[in-house]
Amino acid sequence: MRKRIGQISKWSLLSLILFASTASAGWVSGGGELISDSRNPWWVKNTKEVHYCVQIDENNFGVSKPRASELINKALSYWTRQFKDITYGAFADGDGGIAQQKFIESACGQPNVLLNFQLGILTTQQIQKIPGVTGFVGLSVRTNYVPATLKGEGFIYIAPQSGPLRPQAPNLLPDFWQRDQQSRLYLTLLHETGHLFGLPHTSKIVVMNEDLPYWAASSTAPDWPTMSLIFDQLTIFKFTYQQTFPLGFCFSSSQQPQELEEPEEPEEPIRTSPPRTFHIQKNFLANLSPAKPVAVKSPAMSPMRFFGLDANEGCIEPTLVGKELVFILSTSNGASIEFGRSNLELNPSPHASEKIIDLYLTSAAQSIFPNADFSRPVQAMGFYEAEVLAKGLYKNADGRTQRRLSLIWSGGMFTHIGGVADGEPYFDILDGF
Ligand SMILES: [Zn+2]
């Protein structure tokens, strides 16, 4: 189904499909519903070099041109590195070449420039073609595509933090690109450049979350510089022990720690633990939206009780050391205590491999992928490990608590930690369920 601009959230950036019309013929933008080749990667293996240029309104954008160029270069290299882990469909003979081009910054206006980064800048003609232009933080717009060569060209627009093109939306920060060492800009560039390579919106990859550019411009949480540092180190398409950051969380108890249990009234249900209410804040990587502590649903099975940990506040960042998960508690007074470990056993069956890149081939006119099946115009081009399942046996430091764990890895992180306690399975121990 086609989406009309009026029906989608203005802030669902890149859900935008600019309809073909005399005014905007050939214009498509990534991330929308599949309409012929509109979601194809802009370049595949026959394109060896991509010249791009950077135009910037430094005053309104709030970032210098050298710094912006540096971040653009870093974002493109990021995808070159990540796409090495993509598995290609058989028709591509194991090599689709996505994001493997040599990206060269050139002067704008040169005929060989295929991609224009427009930071805080749009032409009058572009403004006319983008309805509600101040409703966007970022856009990637393909303006031309040649089916025979599978080669696209277009521009990436990132809205400025001030001036007439500053986005109009609630809660935007005054200086969103400038602040936090430009890490918000970097992650937004990762998002928009991700669309160049055919990546759709998905919540399984943090930066390809539909709302990321809006969060980058608006929310005060999370810790964006740390997030960008950590995100840079993850392998998001394929599990590796070295480049995985397990889900962490912080917690605090809303009641006094040493409260003794009153003798039970006869009509009250029997409690197996003090009625503490833990407030859990999941790690910023797992939950990018503005921080709001949530009470665990089942105080009887708080994460602290699950792990056999006697503490009432702190942050836990389970960390992979070799092939073992090490659980460390850090507290507000700066202490850092290892309180337990678990082995990690990956599901030995082939990891759930999911399609993430489509390639629409209109005819045999192109000779780049001669083995494609033209009875099906949409070829499943790129696959990634969307979810990897693991299990383990957790033991706390004094050996008195042992729990079977089940974990889900997705997008470079463990996004779920569940397990069994007192014979009950808990799908998500942070949730108490
Ligand atoms: Zn997008």
# chains A, B, ... in the order shown; residues from 1 in each chain; ligands from 1
$ select_by_dssp --residues "segment 285-423 of chain A" --states "strand (DSSP E or B)" --output "ChimeraX atom specification"
/A:294-295,313-316,319-321,324-330,336-343,345-346,352-360,378-396,402-410,413-421
$ write_last_selection --atoms "C-alpha atoms" --output "mmCIF file, in the first residue's frame"
data_model
loop_
_atom_site.group_PDB
_atom_site.id
_atom_site.type_symbol
_atom_site.label_atom_id
_atom_site.label_comp_id
_atom_site.auth_asym_id
_atom_site.auth_seq_id
_atom_site.Cartn_x
_atom_site.Cartn_y
_atom_site.Cartn_z
ATOM 1 C CA VAL A 294 9.273 1.687 35.105
ATOM 2 C CA ALA A 295 8.274 -0.374 38.101
ATOM 3 C CA GLU A 313 20.335 0.582 43.873
ATOM 4 C CA GLY A 314 22.924 0.478 41.137
ATOM 5 C CA CYS A 315 23.561 -0.279 37.530
ATOM 6 C CA ILE A 316 24.291 -3.658 36.023
ATOM 7 C CA THR A 319 29.853 -7.841 29.951
ATOM 8 C CA LEU A 320 31.240 -10.533 27.695
ATOM 9 C CA VAL A 321 34.689 -11.652 28.779
ATOM 10 C CA GLU A 324 31.484 -15.784 29.499
ATOM 11 C CA LEU A 325 28.965 -13.231 30.667
ATOM 12 C CA VAL A 326 30.281 -11.387 33.704
ATOM 13 C CA PHE A 327 27.782 -9.473 35.818
ATOM 14 C CA ILE A 328 29.092 -6.308 37.425
ATOM 15 C CA LEU A 329 27.221 -3.984 39.760
ATOM 16 C CA SER A 330 28.258 -0.352 39.861
ATOM 17 C CA SER A 336 32.219 -1.835 41.034
ATOM 18 C CA ILE A 337 31.562 -5.413 42.154
ATOM 19 C CA GLU A 338 31.448 -8.618 40.160
ATOM 20 C CA PHE A 339 28.547 -10.599 41.563
ATOM 21 C CA GLY A 340 28.057 -13.474 39.167
ATOM 22 C CA ARG A 341 28.887 -15.196 35.904
ATOM 23 C CA SER A 342 27.229 -17.262 33.270
ATOM 24 C CA ASN A 343 28.515 -19.365 30.427
ATOM 25 C CA GLU A 345 25.915 -21.329 24.641
ATOM 26 C CA LEU A 346 24.734 -20.210 21.215
ATOM 27 C CA ALA A 352 17.836 -16.991 12.099
ATOM 28 C CA SER A 353 18.754 -15.235 8.926
ATOM 29 C CA GLU A 354 16.360 -12.587 7.750
ATOM 30 C CA LYS A 355 16.147 -10.664 4.555
ATOM 31 C CA ILE A 356 16.921 -6.983 4.948
ATOM 32 C CA ILE A 357 17.834 -5.777 1.444
ATOM 33 C CA ASP A 358 15.600 -6.142 -1.587
ATOM 34 C CA LEU A 359 16.679 -5.582 -5.147
ATOM 35 C CA TYR A 360 14.067 -4.852 -7.765
ATOM 36 C CA VAL A 378 11.996 -8.481 -6.427
ATOM 37 C CA GLN A 379 15.122 -10.395 -5.495
ATOM 38 C CA ALA A 380 15.951 -11.093 -1.868
ATOM 39 C CA MET A 381 19.398 -9.602 -1.972
ATOM 40 C CA GLY A 382 20.902 -9.239 1.492
ATOM 41 C CA PHE A 383 20.414 -11.314 4.644
ATOM 42 C CA TYR A 384 21.571 -10.701 8.212
ATOM 43 C CA GLU A 385 21.381 -12.372 11.609
ATOM 44 C CA ALA A 386 18.311 -10.659 12.917
ATOM 45 C CA GLU A 387 18.153 -12.692 16.119
ATOM 46 C CA VAL A 388 20.584 -15.092 17.728
ATOM 47 C CA LEU A 389 19.434 -17.211 20.646
ATOM 48 C CA ALA A 390 21.720 -18.161 23.500
ATOM 49 C CA LYS A 391 21.417 -19.855 26.852
ATOM 50 C CA GLY A 392 23.582 -20.221 29.896
ATOM 51 C CA LEU A 393 23.770 -21.117 33.568
ATOM 52 C CA TYR A 394 24.127 -18.149 35.866
ATOM 53 C CA LYS A 395 25.880 -18.566 39.214
ATOM 54 C CA ASN A 396 26.226 -15.769 41.685
ATOM 55 C CA GLN A 402 21.924 -20.589 40.148
ATOM 56 C CA ARG A 403 19.566 -19.767 37.311
ATOM 57 C CA ARG A 404 19.133 -21.036 33.800
ATOM 58 C CA LEU A 405 19.264 -18.051 31.436
ATOM 59 C CA SER A 406 17.905 -17.508 27.967
ATOM 60 C CA LEU A 407 19.075 -14.574 25.914
ATOM 61 C CA ILE A 408 18.266 -12.963 22.598
ATOM 62 C CA TRP A 409 20.935 -11.080 20.668
ATOM 63 C CA SER A 410 19.789 -8.617 18.064
ATOM 64 C CA MET A 413 23.233 -6.367 21.810
ATOM 65 C CA PHE A 414 21.478 -8.777 24.073
ATOM 66 C CA THR A 415 18.030 -7.304 24.024
ATOM 67 C CA HIS A 416 16.351 -9.866 26.276
ATOM 68 C CA ILE A 417 17.566 -11.701 29.314
ATOM 69 C CA GLY A 418 15.162 -14.284 30.634
ATOM 70 C CA GLY A 419 15.524 -17.334 32.774
ATOM 71 C CA VAL A 420 14.038 -19.774 35.210
ATOM 72 C CA ALA A 421 13.608 -19.161 38.941
#
$ residues_around --residues "Gln82 of chain A" --least-positions-apart "5" --cutoff "12 Å" --atoms "only C-alpha atoms" --output "list in words"
Ala75, Leu76, Ser77, Thr87, Ile98, Ala99, Gln100, Leu190, Gly194, Phe197, Leu199, Ile205, Phe231, Asp232, Gln233, Leu234, Thr235, Ile236, Phe237, Lys238, Phe239, Gln243, Tyr384, Gly411 and Gly412 of chain A
$ write_last_selection --atoms "N, CA and C atoms" --output "CSV table (one decimal), in the first residue's frame"
chain,number,residue,atom,x,y,z
A,75,ALA,N,30.6,8.0,8.7
A,75,ALA,CA,29.3,7.3,8.6
A,75,ALA,C,29.4,6.3,7.4
A,76,LEU,N,29.9,6.8,6.3
A,76,LEU,CA,30.0,6.0,5.1
A,76,LEU,C,31.0,4.8,5.3
A,77,SER,N,32.1,5.0,6.0
A,77,SER,CA,33.0,3.9,6.4
A,77,SER,C,32.4,2.9,7.3
A,87,THR,N,25.0,-11.4,4.1
A,87,THR,CA,25.1,-12.6,3.2
A,87,THR,C,24.2,-12.3,2.0
A,98,ILE,N,27.3,-4.1,-1.8
A,98,ILE,CA,26.6,-2.9,-1.2
A,98,ILE,C,27.6,-2.2,-0.2
A,99,ALA,N,27.7,-0.9,-0.4
A,99,ALA,CA,28.5,-0.1,0.5
A,99,ALA,C,30.0,-0.3,0.4
A,100,GLN,N,30.4,-1.1,-0.6
A,100,GLN,CA,31.8,-1.4,-0.8
A,100,GLN,C,32.5,-0.4,-1.8
A,190,LEU,N,24.3,8.4,10.2
A,190,LEU,CA,24.3,6.9,10.0
A,190,LEU,C,22.9,6.4,9.6
A,194,GLY,N,22.3,5.0,5.9
A,194,GLY,CA,21.8,3.6,5.9
A,194,GLY,C,20.8,3.4,4.8
A,197,PHE,N,22.0,2.5,1.2
A,197,PHE,CA,22.4,1.1,1.0
A,197,PHE,C,21.2,0.2,1.0
A,199,LEU,N,18.8,0.0,3.4
A,199,LEU,CA,18.3,-0.4,4.7
A,199,LEU,C,16.9,0.3,4.9
A,205,ILE,N,17.7,-2.6,14.6
A,205,ILE,CA,19.0,-1.9,14.5
A,205,ILE,C,18.8,-0.5,15.0
A,231,PHE,N,28.0,2.2,19.8
A,231,PHE,CA,27.4,1.7,18.6
A,231,PHE,C,28.5,1.4,17.5
A,232,ASP,N,29.5,2.3,17.5
A,232,ASP,CA,30.6,2.1,16.6
A,232,ASP,C,31.3,0.8,16.7
A,233,GLN,N,31.3,0.2,17.9
A,233,GLN,CA,32.0,-1.0,18.1
A,233,GLN,C,31.2,-2.3,17.9
A,234,LEU,N,29.9,-2.1,17.7
A,234,LEU,CA,29.1,-3.3,17.6
A,234,LEU,C,29.1,-3.9,16.1
A,235,THR,N,29.0,-5.2,16.0
A,235,THR,CA,28.7,-5.7,14.7
A,235,THR,C,27.2,-6.0,14.7
A,236,ILE,N,26.5,-5.3,13.8
A,236,ILE,CA,25.0,-5.3,13.9
A,236,ILE,C,24.4,-6.4,13.0
A,237,PHE,N,25.1,-6.9,12.0
A,237,PHE,CA,24.5,-7.8,11.1
A,237,PHE,C,24.8,-9.3,11.5
A,238,LYS,N,25.8,-9.4,12.4
A,238,LYS,CA,26.3,-10.8,12.7
A,238,LYS,C,26.8,-10.8,14.1
A,239,PHE,N,26.5,-11.9,14.8
A,239,PHE,CA,26.9,-12.0,16.2
A,239,PHE,C,28.4,-12.3,16.3
A,243,GLN,N,32.3,-8.2,19.8
A,243,GLN,CA,31.6,-6.9,19.6
A,243,GLN,C,30.2,-7.0,19.9
A,384,TYR,N,20.8,-10.9,7.0
A,384,TYR,CA,21.6,-10.7,8.2
A,384,TYR,C,21.0,-11.6,9.4
A,411,GLY,N,20.9,-7.0,16.7
A,411,GLY,CA,21.5,-5.7,16.4
A,411,GLY,C,22.7,-5.3,17.2
A,412,GLY,N,23.5,-6.3,17.6
A,412,GLY,CA,24.7,-6.0,18.3
A,412,GLY,C,24.6,-6.1,19.9
$ atom_distance --atom1 "atom CA of Pro174 of chain A" --atom2 "atom CA of Gln161 of chain A"
6.7 Å
$ atom_distance --atom1 "atom CA of Lys65 of chain A" --atom2 "atom CA of Ser219 of chain A"
24.7 Å
$ atom_distance --atom1 "atom CA of Gly62 of chain A" --atom2 "atom CA of Thr80 of chain A"
27.5 Å
$ residues_around --residues "Asn59 of chain A" --least-positions-apart "5" --cutoff "9 Å" --atoms "only C-alpha atoms" --output "list of chain:residue names"
A:Ser64, A:Pro160, A:Ser162, A:Gly163
$ closest_residue --among "A:Glu105, A:Glu49, A:Asp37, A:Asp180" --to "Tyr145 of chain A" --atoms "only C-alpha atoms"
A:Asp37
